[in-house]
Amino acid sequence: MKVSLNWLNEYINLKDIPLNDIIDKLTYAGLEVEDVVDQAKNFENMFVGFVKERKKHPNADKLSLCIVSDGDKEYNVVCGAANVEAGQKIAFAKIGTLIPSSGLKLEKVKIRGVVSEGMICSEKEIGLGEDHEGILVLDASLKEGVPLEQALKMNDAILEIAVTPNRADALSHIGIARDLSALFDKPLTMPEITLNESNRKSHEFADVEIIDSENCPRYIGKVVLNVEIKESPEWLKNRLKSIGLRPINNVVDVTNFVMHEIGQPLHAFDLDNLAGNKIVVRSAYDNEKFVTLDTKERTLNRSNMMICDAEKSVAIAGVMGGENSEVTSSTKNILIESAFFNPSSVRKTAKQLSVSSDASFRFERGTDPNITKWAAQRAAQLIQQTAGGVIAQGEIDAYQKPRTNKSCTLRFSRIEKILGYQIRKDDVEKILIRLGFIINNINDELSEVVIPTFRNDIEREIDIIEEIARIYSYNKIPEVAKISVTLEEKVDQSSFVDRLRIVLTSLGFFEILTNSLLNEETAKSFGQPIAMLNPQSSEMSHLRPSLLPGMLLTISKNLKVNEKDLQLFEIGKVFNQINKKIESFADFSEEEHLLLAITGNAQRSEWYEKDRQFDLYDLKGFVKAALVKIFPELQLKFFPFKQEKIFFEYGFDLFIEGEKIGSAGKLPEKIAERFDVTQDILIFIADIGKLKKISPLKKTFKELLKYPKVYRDCAFILDETVEVEAVIEIIKGSSSNLLHNIKLFDIFQSESLGKQKKSLAFQLEYYDSSKTLTEEEVEKDFWNSIKAVEKKLNAQLRGT
């Protein structure tokens with residue numbers, strides 16, 4: 001937003017404050033000044049000159065030799081313009097001046113043998129226009145020697161300010177002046193409104209009816225009769241030009257002026273073109289056509305709000321007026337519209353129609369409903385000054401539910417606690433009053449702060465403290481000479497997950513990150529999802545209850561581009577609803593999960609090996625390799641599923657220290673086909689929260705074994721339902737501490753063994769770190785184990 005420094009001076013005296021101080025203060029207070037155009041710098045070293053004498057150049061027919069006076073000194077100047085004459089007041093640039101149009105620095109030079117000590121400038125050369133055919137001739141009443149920027153009234157500074165979306169109150173000169181008033185502790189002067197109204201009331205000339213009161217809580221109409229539409233006075237045109245607006249006529253220019261003065265958008269209707277002299281605020285009809293001021297036809301729907309008369313639409317509320325009621329040179333009677341529209345309604349309409357105006361920009365961010373009356377009166381006052389006419393008494397004010405000021409309790413102790421330093425109560429009071437807040441019931445502990453309606457971004461005590469801090473200045477935060485730091489051990493919450501990522505990546509896996517929001521149908525297929533209160537779309541309406549949907553969608557996309565051999569993993573949060581109604585944290589679960597997925601070929605064809613697809617043993621190997629690197633001393637136990645699982649055709653559960661950590665297996669084809677995946681997928685799902693709770697054993701040094709190991713093999717015929725782990729546990733339980741390792745090296749099934757029988761063959765490893773074992777010691781331990789297995793599992797020794 002562009003702001004004129006001269007315009008600001010009408011509301012706060014900034015003449016004694018350097019421009020750089022104003023820029024710095026605004027920027028540090030949250031109103032970043034992105035660009036500054038200091039008009040005076042363009043005319044530096046330029047003055048009003050007086051051409052005392054003009055004569056022909058002795059060595060050139062088209063050049064003139066002029067004597068120019070600045071009131072103190074006379075200069076010889078060579079000029080090539082045909083319109084230069086003696087007695088003129090001209091724009092004179094002295095030696096050393098930087099010419100704005102060309103960037104050239106003037107020097108004392110000889111032109112055709114005659115010294116020239118400056119330049120008589122044209123409009124183009126000083127950046128005032130495109131005319132360069134002749135010199136710029138100034139008003140004869142100007143005094144020579146006066147700085148050119150002062151003579152041309154071009155001594156303004158234009159600030160380009162980046163106003164954040166929450167600061168709708170700062171989208172005006174008075175809004176910026178209010179902040180400057182608090183920043184520099186200077187009084188803010190509001191324009192005085194005195195209306196010369198007739199005896200006839202506005203209600204006699206027009207009427208307002210609000211049908212859609214939700215999207216238009218307040219609408220004010222102010223009538224001005226018998227106006228004369230003409231060109232605006234210079235002061236008004238200059239104000240608008242300074243911020244880049246094009247003057248149109250006196251009435252329209254006044255509405256634009258007031259909008260940029262106070263931040264309230266206005267619209268002027270030709271009252272005689274309003275059927276029934278009535279304003280009706282309603283929703284548009286589906287497929288309603290309307291031609292706006294830019295001569296474009298717009299197609300509307302019921303979500304758009306319209307301003308209508310008794311017969312037709314005359315404006316799109318808060319966005320743009322229509323051709324059929326605009327102010328023209330023949331307009332005599334004016335209805336000034338000053339309204340408050342629902343920001344979300346205006347935002348949706350502007351976005352749908354791809355229309356953005358100064359008015360919609362302000363309405364979208366939220367204007368002040370309680371400034372509408374002041375703005376209407378201010379516009380009426382200025383219209384009467386610039387266009388004559390008679391102001392009808394009072395206003396037509398449709399305001400069904402007036403908005404009252406919110407209040408908030410401010411604790412002075414809380415200010416110090418939040419900011420870390422103390423601000424005097426007097427300074428706090430002064431800052432808030434300058435910003436437009438009202439302070440009641442002040443005592444040593446707290447006060448009640450009434451929040452003005454133009455500050456819709458202030459709701460809580462912390463917001464008020466932020467206002468105090470930004471105005472008091474972050475630069476005043478005291479330096480801390482010494483900071484004490486505790487030397488206790490810090491826990492890095494992300495270290496475990498980071499290490500897990502590194503390990504998996506080293507095993508050839510690629511990490512993926514998928515959306516944590518799913519559509520309702522997909523989410524409910526993978527758990528008990530939690531619905532979002534205000535979803536952006538139906539495709540992101542529920543929190544994911546599982547990482548599987550995102551993984552399957554990623555695999556599907558890879559397969560479609562012929563990437564079929566995949567090793568992927570994802571680490572992320574999943575959410576499941578426990579109770580029907582969520583009232584506390586106990587009603588839902590939030591867990592961090594790890595998901596591994598492998599699919600396609602583990603080995604591509606080579607001269608020494610054929611294609612081999614990933615299988616469950618590959619997955620088990622990856623899981624074991626990853627976890628052994630993180631928990632090298634702990635024993636991992638894998639048990640086949642004892643019952644069916646929704647997301648697995650077959651597989652195993654992983655236990656560490658007796659607690660189930662995760663499950664692995666083949667994904668059912670029905671689930672994969674939902675995502676257009678036609679090849680087998682093997683997955684492993686683990687609860688990272690449980691993995692984090694496991695305390696890894698400290699690494700200890702073990703000496704190399706000095707004495708030989710002894711191996712014994714045995715094979716048992718058992719019922720096919722007997723699990724390997726059961727046999728291993730019995731062997732361990734019946735052996736001494738000489739047994740250190742048990743390895744299954746063969747599984748055999750055949751009718752020759754008997755019906756529903758199988759053979760399991762084990763290798764047992766014995767040693768003693770302090771001596772060489774004797775044959776008797778090993779044999780005794782070995783046969784004790786065999787007998788225990790035969791007895792407890794009804795096994796038959798097949799061989800040793």
# chains A, B, ... in the order shown; residues from 1 in each chain; ligands from 1
call {"tool": "select_by_dssp", "arguments": {"residues": "segment 509-660 of chain A", "states": "strand (DSSP E or B)", "output": "JSON, numbers by chain"}}
result
{"A": [510, 511, 517, 518, 530, 531, 542, 543, 566, 567, 568, 569, 570, 571, 572, 573, 574, 575, 576, 577, 588, 589, 590, 591, 592, 593, 594, 595, 596, 597, 598, 599, 601, 602, 603, 606, 609, 612, 613, 636, 637, 638, 639, 640, 645, 648, 651, 652, 653, 654, 655, 656, 659, 660]}
call {"tool": "residues_around", "arguments": {"residues": "Ala625 of chain A", "least_positions_apart": "3", "cutoff": "12 Å", "atoms": "only C-alpha atoms", "output": "MDAnalysis selection string"}}
result
chainID A and resid 500 503:508 617:622 628:632 636
call {"tool": "write_last_selection", "arguments": {"atoms": "N, CA and C atoms", "output": "compact mmCIF listing (two decimals), in the first residue's frame"}}
result
# COMPACT_ATOMS: atom_id res chain seq x y z
N LEU A 500 17.49 -44.52 12.76
CA LEU A 500 16.73 -45.54 12.03
C LEU A 500 16.71 -45.23 10.53
N VAL A 503 20.09 -46.17 9.01
CA VAL A 503 20.25 -47.63 8.89
C VAL A 503 19.46 -48.17 7.71
N LEU A 504 18.20 -47.75 7.59
CA LEU A 504 17.35 -48.24 6.50
C LEU A 504 17.88 -47.79 5.14
N THR A 505 18.35 -46.56 5.08
CA THR A 505 18.92 -46.07 3.83
C THR A 505 20.15 -46.88 3.44
N SER A 506 20.96 -47.25 4.43
CA SER A 506 22.15 -48.05 4.15
C SER A 506 21.80 -49.45 3.64
N LEU A 507 20.58 -49.91 3.94
CA LEU A 507 20.12 -51.22 3.47
C LEU A 507 19.45 -51.15 2.10
N GLY A 508 19.46 -49.95 1.49
CA GLY A 508 18.92 -49.81 0.14
C GLY A 508 17.50 -49.30 0.08
N TYR A 617 11.35 -64.00 3.62
CA TYR A 617 12.65 -64.13 4.25
C TYR A 617 13.53 -62.91 3.97
N ASP A 618 13.36 -62.33 2.79
CA ASP A 618 14.06 -61.07 2.51
C ASP A 618 13.62 -59.99 3.49
N LEU A 619 12.32 -59.89 3.68
CA LEU A 619 11.78 -58.88 4.59
C LEU A 619 12.28 -59.11 6.01
N LYS A 620 12.24 -60.38 6.44
CA LYS A 620 12.73 -60.70 7.78
C LYS A 620 14.19 -60.33 7.92
N GLY A 621 14.98 -60.59 6.87
CA GLY A 621 16.39 -60.26 6.89
C GLY A 621 16.62 -58.76 7.02
N PHE A 622 15.83 -57.96 6.27
CA PHE A 622 15.96 -56.50 6.36
C PHE A 622 15.62 -56.00 7.76
N VAL A 628 19.18 -55.08 14.52
CA VAL A 628 20.41 -55.54 15.17
C VAL A 628 21.45 -54.42 15.22
N LYS A 629 21.44 -53.54 14.20
CA LYS A 629 22.38 -52.41 14.23
C LYS A 629 22.03 -51.42 15.33
N ILE A 630 20.74 -51.31 15.64
CA ILE A 630 20.32 -50.37 16.68
C ILE A 630 20.36 -51.02 18.06
N PHE A 631 19.97 -52.30 18.15
CA PHE A 631 19.98 -53.04 19.42
C PHE A 631 20.89 -54.27 19.26
N PRO A 632 22.20 -54.08 19.21
CA PRO A 632 23.08 -55.20 18.87
C PRO A 632 23.11 -56.33 19.88
N LEU A 636 16.13 -60.79 19.08
CA LEU A 636 14.86 -60.61 18.37
C LEU A 636 14.19 -61.95 18.21
call {"tool": "residues_around", "arguments": {"residues": "Pro343 of chain A", "least_positions_apart": "6", "cutoff": "8 Å", "atoms": "only C-alpha atoms", "output": "list in words"}}
result
Phe363, Glu364, Arg365 and Gly366 of chain A
call {"tool": "residues_around", "arguments": {"residues": "Ile442 of chain A", "least_positions_apart": "6", "cutoff": "10 Å", "atoms": "only C-alpha atoms", "output": "list in words"}}
result
Leu410, Lys425, Glu429, Glu448 and Val449 of chain A
call {"tool": "residues_around", "arguments": {"residues": "Val574 of chain A", "least_positions_apart": "5", "cutoff": "12 Å", "atoms": "only C-alpha atoms", "output": "ChimeraX atom specification"}}
result
/A:514-518,523,526-530,542-550,588-595,685-689
call {"tool": "residues_around", "arguments": {"residues": "Val710 of chain A", "least_positions_apart": "3", "cutoff": "12 Å", "atoms": "only C-alpha atoms", "output": "number ranges by chain"}}
result
A: 707, 713, 738-741, 763-768, 772-779, 781-782
call {"tool": "residues_around", "arguments": {"residues": "Glu395 of chain A", "least_positions_apart": "5", "cutoff": "6 Å", "atoms": "only C-alpha atoms", "output": "ChimeraX atom specification"}}
result
/A:202,221-222
call {"tool": "select_by_dssp", "arguments": {"residues": "segment 261-301 of chain A", "states": "helix (DSSP H, G or I)", "output": "JSON, numbers by chain"}}
result
{"A": [261, 262, 271, 272, 273, 275, 276, 277]}
call {"tool": "write_last_selection", "arguments": {"atoms": "N, CA, C and O atoms", "output": "JSON list (two decimals), in the first residue's frame"}}
result
[["chain", "number", "residue", "atom", "x", "y", "z"],
["A", 261, "GLU", "N", -8.12, 7.49, 3.24],
["A", 261, "GLU", "CA", -7.92, 8.26, 4.46],
["A", 261, "GLU", "C", -8.23, 7.43, 5.69],
["A", 261, "GLU", "O", -7.42, 7.34, 6.61],
["A", 262, "ILE", "N", -9.40, 6.77, 5.73],
["A", 262, "ILE", "CA", -9.85, 6.06, 6.92],
["A", 262, "ILE", "C", -9.92, 4.55, 6.75],
["A", 262, "ILE", "O", -10.04, 3.80, 7.72],
["A", 271, "LEU", "N", -28.45, 8.63, -7.76],
["A", 271, "LEU", "CA", -29.73, 8.34, -7.11],
["A", 271, "LEU", "C", -30.88, 8.29, -8.11],
["A", 271, "LEU", "O", -31.81, 7.48, -7.97],
["A", 272, "ASP", "N", -30.82, 9.11, -9.15],
["A", 272, "ASP", "CA", -31.90, 9.14, -10.14],
["A", 272, "ASP", "C", -31.95, 7.88, -10.99],
["A", 272, "ASP", "O", -32.97, 7.60, -11.62],
["A", 273, "ASN", "N", -30.87, 7.11, -11.02],
["A", 273, "ASN", "CA", -30.84, 5.86, -11.78],
["A", 273, "ASN", "C", -31.23, 4.65, -10.93],
["A", 273, "ASN", "O", -31.26, 3.52, -11.43],
["A", 275, "ALA", "N", -33.95, 2.60, -9.40],
["A", 275, "ALA", "CA", -35.41, 2.41, -9.52],
["A", 275, "ALA", "C", -36.04, 2.41, -8.14],
["A", 275, "ALA", "O", -35.60, 1.69, -7.23],
["A", 276, "GLY", "N", -37.08, 3.20, -7.97],
["A", 276, "GLY", "CA", -37.78, 3.28, -6.69],
["A", 276, "GLY", "C", -36.97, 3.97, -5.61],
["A", 276, "GLY", "O", -37.37, 3.94, -4.43],
["A", 277, "ASN", "N", -35.85, 4.59, -6.00],
["A", 277, "ASN", "CA", -34.96, 5.23, -5.02],
["A", 277, "ASN", "C", -34.71, 4.32, -3.82],
["A", 277, "ASN", "O", -34.74, 4.75, -2.65]]
call {"tool": "closest_atom_pairs", "arguments": {"of": "segment 674-716 of chain A", "to": "segment 596-605 of chain A", "cutoff": "7 Å", "atoms": "only C-alpha atoms", "output": "CSV"}}
result
residue,atom,partner,partner_atom,distance
A:Gln679,CA,A:Gly600,CA,7.0
A:Asp680,CA,A:Thr599,CA,6.1
A:Ile681,CA,A:Thr599,CA,4.8
A:Leu682,CA,A:Ile598,CA,5.4
A:Ile683,CA,A:Ala597,CA,4.4
A:Phe684,CA,A:Leu596,CA,5.0
A:Ile685,CA,A:Leu596,CA,6.6
call {"tool": "atom_distance", "arguments": {"atom1": "atom CA of Ser242 of chain A", "atom2": "atom CA of Ser4 of chain A"}}
result
6.5 Å
call {"tool": "atom_distance", "arguments": {"atom1": "atom CA of Ala93 of chain A", "atom2": "atom CA of Asn45 of chain A"}}
result
6.3 Å
call {"tool": "atom_distance", "arguments": {"atom1": "atom CA of Val146 of chain A", "atom2": "atom CA of His57 of chain A"}}
result
28.0 Å
call {"tool": "closest_residue", "arguments": {"among": "A:Phe716, A:Lys792, A:Ser69, A:Phe675", "to": "Glu729 of chain A", "atoms": "only C-alpha atoms"}}
result
A:Lys792
call {"tool": "closest_residue", "arguments": {"among": "A:Tyr474, A:Phe361, A:Phe437, A:Phe269", "to": "Asp309 of chain A", "atoms": "only C-alpha atoms"}}
result
A:Phe269
call {"tool": "closest_residue", "arguments": {"among": "A:Ser785, A:Asn6, A:Thr27, A:Ser338", "to": "Arg218 of chain A", "atoms": "only C-alpha atoms"}}
result
A:Ser338
call {"tool": "decode", "arguments": {"residues": "segment 601-615 of chain A", "atoms": "N, CA, C and O atoms", "output": "PDB file, in the first residue's frame"}}
result
ATOM      1  N   ASN A 601      11.477 -57.584  -7.840  1.00  0.00           N
ATOM      2  CA  ASN A 601      12.601 -58.524  -7.829  1.00  0.00           C
ATOM      3  C   ASN A 601      13.665 -58.113  -6.831  1.00  0.00           C
ATOM      4  O   ASN A 601      14.082 -56.959  -6.768  1.00  0.00           O
ATOM      5  N   ALA A 602      14.136 -59.134  -6.060  1.00  0.00           N
ATOM      6  CA  ALA A 602      15.280 -58.925  -5.194  1.00  0.00           C
ATOM      7  C   ALA A 602      16.567 -59.015  -6.002  1.00  0.00           C
ATOM      8  O   ALA A 602      17.569 -58.395  -5.664  1.00  0.00           O
ATOM      9  N   GLN A 603      16.522 -59.797  -7.107  1.00  0.00           N
ATOM     10  CA  GLN A 603      17.686 -59.985  -7.958  1.00  0.00           C
ATOM     11  C   GLN A 603      17.254 -60.030  -9.408  1.00  0.00           C
ATOM     12  O   GLN A 603      16.347 -60.774  -9.767  1.00  0.00           O
ATOM     13  N   ARG A 604      17.868 -59.207 -10.226  1.00  0.00           N
ATOM     14  CA  ARG A 604      17.613 -59.234 -11.663  1.00  0.00           C
ATOM     15  C   ARG A 604      18.510 -60.275 -12.331  1.00  0.00           C
ATOM     16  O   ARG A 604      19.587 -60.609 -11.826  1.00  0.00           O
ATOM     17  N   SER A 605      18.072 -60.780 -13.480  1.00  0.00           N
ATOM     18  CA  SER A 605      18.817 -61.831 -14.191  1.00  0.00           C
ATOM     19  C   SER A 605      20.230 -61.387 -14.526  1.00  0.00           C
ATOM     20  O   SER A 605      20.460 -60.283 -15.020  1.00  0.00           O
ATOM     21  N   GLU A 606      21.172 -62.243 -14.202  1.00  0.00           N
ATOM     22  CA  GLU A 606      22.568 -62.077 -14.585  1.00  0.00           C
ATOM     23  C   GLU A 606      23.045 -63.394 -15.183  1.00  0.00           C
ATOM     24  O   GLU A 606      22.331 -64.393 -15.175  1.00  0.00           O
ATOM     25  N   TRP A 607      24.284 -63.441 -15.694  1.00  0.00           N
ATOM     26  CA  TRP A 607      24.789 -64.675 -16.306  1.00  0.00           C
ATOM     27  C   TRP A 607      24.932 -65.802 -15.276  1.00  0.00           C
ATOM     28  O   TRP A 607      24.888 -66.973 -15.601  1.00  0.00           O
ATOM     29  N   TYR A 608      25.030 -65.354 -14.003  1.00  0.00           N
ATOM     30  CA  TYR A 608      25.239 -66.364 -12.964  1.00  0.00           C
ATOM     31  C   TYR A 608      23.996 -66.596 -12.102  1.00  0.00           C
ATOM     32  O   TYR A 608      24.011 -67.448 -11.223  1.00  0.00           O
ATOM     33  N   GLU A 609      22.913 -65.819 -12.366  1.00  0.00           N
ATOM     34  CA  GLU A 609      21.740 -65.932 -11.503  1.00  0.00           C
ATOM     35  C   GLU A 609      20.490 -65.462 -12.245  1.00  0.00           C
ATOM     36  O   GLU A 609      20.567 -64.540 -13.058  1.00  0.00           O
ATOM     37  N   LYS A 610      19.370 -66.113 -11.951  1.00  0.00           N
ATOM     38  CA  LYS A 610      18.109 -65.749 -12.592  1.00  0.00           C
ATOM     39  C   LYS A 610      17.326 -64.770 -11.710  1.00  0.00           C
ATOM     40  O   LYS A 610      17.689 -64.527 -10.558  1.00  0.00           O
ATOM     41  N   ASP A 611      16.226 -64.256 -12.302  1.00  0.00           N
ATOM     42  CA  ASP A 611      15.338 -63.368 -11.528  1.00  0.00           C
ATOM     43  C   ASP A 611      14.876 -64.061 -10.253  1.00  0.00           C
ATOM     44  O   ASP A 611      14.551 -65.249 -10.255  1.00  0.00           O
ATOM     45  N   ARG A 612      14.840 -63.281  -9.165  1.00  0.00           N
ATOM     46  CA  ARG A 612      14.276 -63.796  -7.915  1.00  0.00           C
ATOM     47  C   ARG A 612      13.459 -62.699  -7.251  1.00  0.00           C
ATOM     48  O   ARG A 612      13.963 -61.590  -7.035  1.00  0.00           O
ATOM     49  N   GLN A 613      12.207 -63.008  -6.979  1.00  0.00           N
ATOM     50  CA  GLN A 613      11.330 -62.006  -6.357  1.00  0.00           C
ATOM     51  C   GLN A 613      11.586 -61.925  -4.861  1.00  0.00           C
ATOM     52  O   GLN A 613      12.031 -62.886  -4.230  1.00  0.00           O
ATOM     53  N   PHE A 614      11.290 -60.733  -4.310  1.00  0.00           N
ATOM     54  CA  PHE A 614      11.343 -60.588  -2.858  1.00  0.00           C
ATOM     55  C   PHE A 614      10.389 -61.581  -2.206  1.00  0.00           C
ATOM     56  O   PHE A 614       9.283 -61.827  -2.697  1.00  0.00           O
ATOM     57  N   ASP A 615      10.811 -62.175  -1.073  1.00  0.00           N
ATOM     58  CA  ASP A 615       9.911 -63.047  -0.317  1.00  0.00           C
ATOM     59  C   ASP A 615       9.975 -62.649   1.155  1.00  0.00           C
ATOM     60  O   ASP A 615      10.664 -61.711   1.546  1.00  0.00           O
TER      61      ASP A 615
END
